[in-house]
Amino acid sequence: MDKVPDIVDFILYFLAGVSILTWTILIVKCYVFWQAKKANNQIQANFNGVTRLTKLTDMLDTAKGSLSSLSNKVMVNLKSWNKDASLDTNAYQEMLRQSLRQERHSQQTRLESGLAVLASIGSTSPFIGLFGMVWGIMHALKGISASGSAGLDVVAGPIGEALIATAMGIATAIPAVLAYNYFLRQSRLASADMDHFSERLQILAKQSDYRVD
């Protein structure tokens, strides 16, 4: 019995490796979003009692959530700007807005890292599996033509591995697509939280003394 060409075996091994990569990204992103959500919830709960910017550092959590990173970055900038006595209130507020916008973009990029890989895996894996199936069927048809027989000993091996390649492609794509959609939603929710936090922080800066010791 002829064996399916090595290209189908390569496709099977490739899809297996891609599946491992998908689950690795999924586990890592679950931990990242869980850690960020935990820190963000604590910061939002504590932020309700903050009335001055000088007390912002007292409620920062040690966890590396998006809001804690956003807060820490802003506080570093505020303390740096205090050394410039030429800054008036308007300039101070504008620099604060730009700092918040820049750090929000940085945190959003960090949260969305790896999502493009999941999207690519989810969209291409079925086609890669389909290519393996087509290649296997072509090999089976060539075997039938060469032997003049359509017996199971000629077609069973190539057709079987061709169908396995298709199944592997689908099995790889499904968790990648589901994970991508879930993490994309979580990223958008985190972005909304950062926008809301930034607006509240700017309002707090206007209502209190914008000079932070």
# chains A, B, ... in the order shown; residues from 1 in each chain; ligands from 1
>>> closest_atom_pairs(of="stretch 25-50 of chain A", to="stretch 90-109 of chain A", cutoff="12 Å", atoms="only C-alpha atoms", output="JSON lines")
{"residue": "A:Val32", "atom": "CA", "partner": "A:Gln107", "partner_atom": "CA", "distance": 11.8}
{"residue": "A:Phe33", "atom": "CA", "partner": "A:Gln108", "partner_atom": "CA", "distance": 11.6}
{"residue": "A:Ala36", "atom": "CA", "partner": "A:Gln107", "partner_atom": "CA", "distance": 10.4}
>>> write_last_selection(atoms="C-alpha atoms", output="compact mmCIF listing (two decimals), in the first residue's frame")
# COMPACT_ATOMS: atom_id res chain seq x y z
CA VAL A 32 -3.27 38.38 31.51
CA PHE A 33 -6.93 39.44 31.31
CA ALA A 36 -5.81 42.98 34.64
>>> residues_around(residues="stretch 181-198 of chain A", least_positions_apart="4", cutoff="8 Å", atoms="only C-alpha atoms", output="compact mmCIF listing (two decimals) with C-alpha atoms, in the first residue's frame")
# COMPACT_ATOMS: atom_id res chain seq x y z
CA LYS A 29 -4.18 35.65 27.55
CA PHE A 33 -6.93 39.44 31.31
CA LYS A 37 -9.50 42.67 35.54
CA GLN A 44 -12.11 51.40 40.42
CA SER A 66 -4.18 48.25 32.67
CA LEU A 67 -5.56 50.87 35.07
CA LEU A 100 -3.52 59.45 29.28
CA ARG A 104 -4.13 54.04 27.02
CA GLN A 108 -4.57 48.53 24.54
CA LEU A 111 -3.91 43.56 25.75
CA GLU A 112 -4.47 42.90 22.04
CA LEU A 115 -5.05 38.34 18.83
CA VAL A 177 -11.91 31.71 16.47
CA GLN A 202 -9.12 64.58 34.26
>>> closest_residue(among="A:Leu130, A:Ile11, A:Leu21, A:Ile27", to="A:Thr166", atoms="only C-alpha atoms")
A:Leu130
>>> residues_around(residues="A:Ile174", least_positions_apart="5", cutoff="10 Å", atoms="only C-alpha atoms", output="list in words")
Ile121, Gly122, Ser123, Ser125, Pro126, Gly169, Ala179 and Tyr180 of chain A
>>> decode(residues="stretch 15-52 of chain A", atoms="N, CA and C atoms", output="compact mmCIF listing (two decimals), in the first residue's frame")
# COMPACT_ATOMS: atom_id res chain seq x y z
N LEU A 15 -0.34 21.55 11.54
CA LEU A 15 -1.59 21.87 12.22
C LEU A 15 -1.53 21.51 13.70
N ALA A 16 -0.84 20.42 14.01
CA ALA A 16 -0.68 20.05 15.42
C ALA A 16 0.13 21.12 16.17
N GLY A 17 1.19 21.62 15.52
CA GLY A 17 1.99 22.68 16.14
C GLY A 17 1.20 23.96 16.29
N VAL A 18 0.40 24.30 15.29
CA VAL A 18 -0.44 25.51 15.35
C VAL A 18 -1.48 25.38 16.45
N SER A 19 -2.02 24.18 16.62
CA SER A 19 -3.00 23.95 17.68
C SER A 19 -2.37 24.17 19.06
N ILE A 20 -1.15 23.68 19.23
CA ILE A 20 -0.43 23.90 20.49
C ILE A 20 -0.20 25.39 20.72
N LEU A 21 0.17 26.11 19.66
CA LEU A 21 0.37 27.56 19.77
C LEU A 21 -0.93 28.26 20.16
N THR A 22 -2.04 27.83 19.58
CA THR A 22 -3.34 28.43 19.91
C THR A 22 -3.67 28.28 21.39
N TRP A 23 -3.50 27.08 21.91
CA TRP A 23 -3.83 26.83 23.32
C TRP A 23 -2.85 27.54 24.25
N THR A 24 -1.60 27.69 23.80
CA THR A 24 -0.63 28.43 24.61
C THR A 24 -1.05 29.90 24.73
N ILE A 25 -1.39 30.51 23.59
CA ILE A 25 -1.85 31.91 23.60
C ILE A 25 -3.11 32.04 24.43
N LEU A 26 -4.02 31.09 24.30
CA LEU A 26 -5.28 31.14 25.03
C LEU A 26 -5.04 31.14 26.54
N ILE A 27 -4.17 30.26 27.00
CA ILE A 27 -3.89 30.17 28.44
C ILE A 27 -3.20 31.44 28.94
N VAL A 28 -2.22 31.93 28.18
CA VAL A 28 -1.50 33.14 28.58
C VAL A 28 -2.43 34.34 28.62
N LYS A 29 -3.28 34.50 27.59
CA LYS A 29 -4.18 35.65 27.55
C LYS A 29 -5.24 35.56 28.65
N CYS A 30 -5.67 34.36 28.97
CA CYS A 30 -6.62 34.21 30.09
C CYS A 30 -6.01 34.74 31.38
N TYR A 31 -4.76 34.41 31.61
CA TYR A 31 -4.08 34.88 32.82
C TYR A 31 -3.90 36.39 32.79
N VAL A 32 -3.50 36.93 31.64
CA VAL A 32 -3.27 38.38 31.51
C VAL A 32 -4.56 39.15 31.77
N PHE A 33 -5.66 38.72 31.14
CA PHE A 33 -6.93 39.44 31.31
C PHE A 33 -7.49 39.24 32.72
N TRP A 34 -7.29 38.06 33.29
CA TRP A 34 -7.76 37.84 34.67
C TRP A 34 -7.00 38.75 35.63
N GLN A 35 -5.69 38.84 35.44
CA GLN A 35 -4.87 39.69 36.30
C GLN A 35 -5.26 41.15 36.15
N ALA A 36 -5.45 41.59 34.90
CA ALA A 36 -5.81 42.98 34.64
C ALA A 36 -7.19 43.31 35.22
N LYS A 37 -8.15 42.41 35.03
CA LYS A 37 -9.50 42.67 35.54
C LYS A 37 -9.53 42.74 37.05
N LYS A 38 -8.76 41.88 37.71
CA LYS A 38 -8.70 41.88 39.16
C LYS A 38 -8.14 43.21 39.67
N ALA A 39 -7.04 43.66 39.07
CA ALA A 39 -6.44 44.92 39.49
C ALA A 39 -7.34 46.11 39.17
N ASN A 40 -7.97 46.07 37.99
CA ASN A 40 -8.84 47.18 37.59
C ASN A 40 -10.05 47.32 38.50
N ASN A 41 -10.64 46.20 38.87
CA ASN A 41 -11.80 46.25 39.77
C ASN A 41 -11.43 46.85 41.12
N GLN A 42 -10.25 46.50 41.63
CA GLN A 42 -9.81 47.04 42.91
C GLN A 42 -9.54 48.54 42.81
N ILE A 43 -8.91 48.96 41.72
CA ILE A 43 -8.62 50.38 41.54
C ILE A 43 -9.90 51.19 41.40
N GLN A 44 -10.86 50.68 40.61
CA GLN A 44 -12.11 51.40 40.42
C GLN A 44 -12.89 51.52 41.73
N ALA A 45 -12.82 50.47 42.55
CA ALA A 45 -13.52 50.52 43.84
C ALA A 45 -12.88 51.54 44.77
N ASN A 46 -11.56 51.59 44.78
CA ASN A 46 -10.85 52.52 45.66
C ASN A 46 -10.86 53.95 45.13
N PHE A 47 -10.99 54.10 43.82
CA PHE A 47 -10.93 55.42 43.22
C PHE A 47 -12.13 56.29 43.62
N ASN A 48 -13.23 55.66 44.00
CA ASN A 48 -14.42 56.43 44.38
C ASN A 48 -14.15 57.31 45.59
N GLY A 49 -13.22 56.91 46.45
CA GLY A 49 -12.93 57.69 47.64
C GLY A 49 -11.80 58.68 47.48
N VAL A 50 -11.22 58.78 46.29
CA VAL A 50 -10.11 59.70 46.06
C VAL A 50 -10.65 61.08 45.71
N THR A 51 -10.18 62.10 46.43
CA THR A 51 -10.63 63.47 46.17
C THR A 51 -9.51 64.39 45.71
N ARG A 52 -8.26 63.93 45.82
CA ARG A 52 -7.12 64.74 45.39
C ARG A 52 -6.13 63.84 44.66
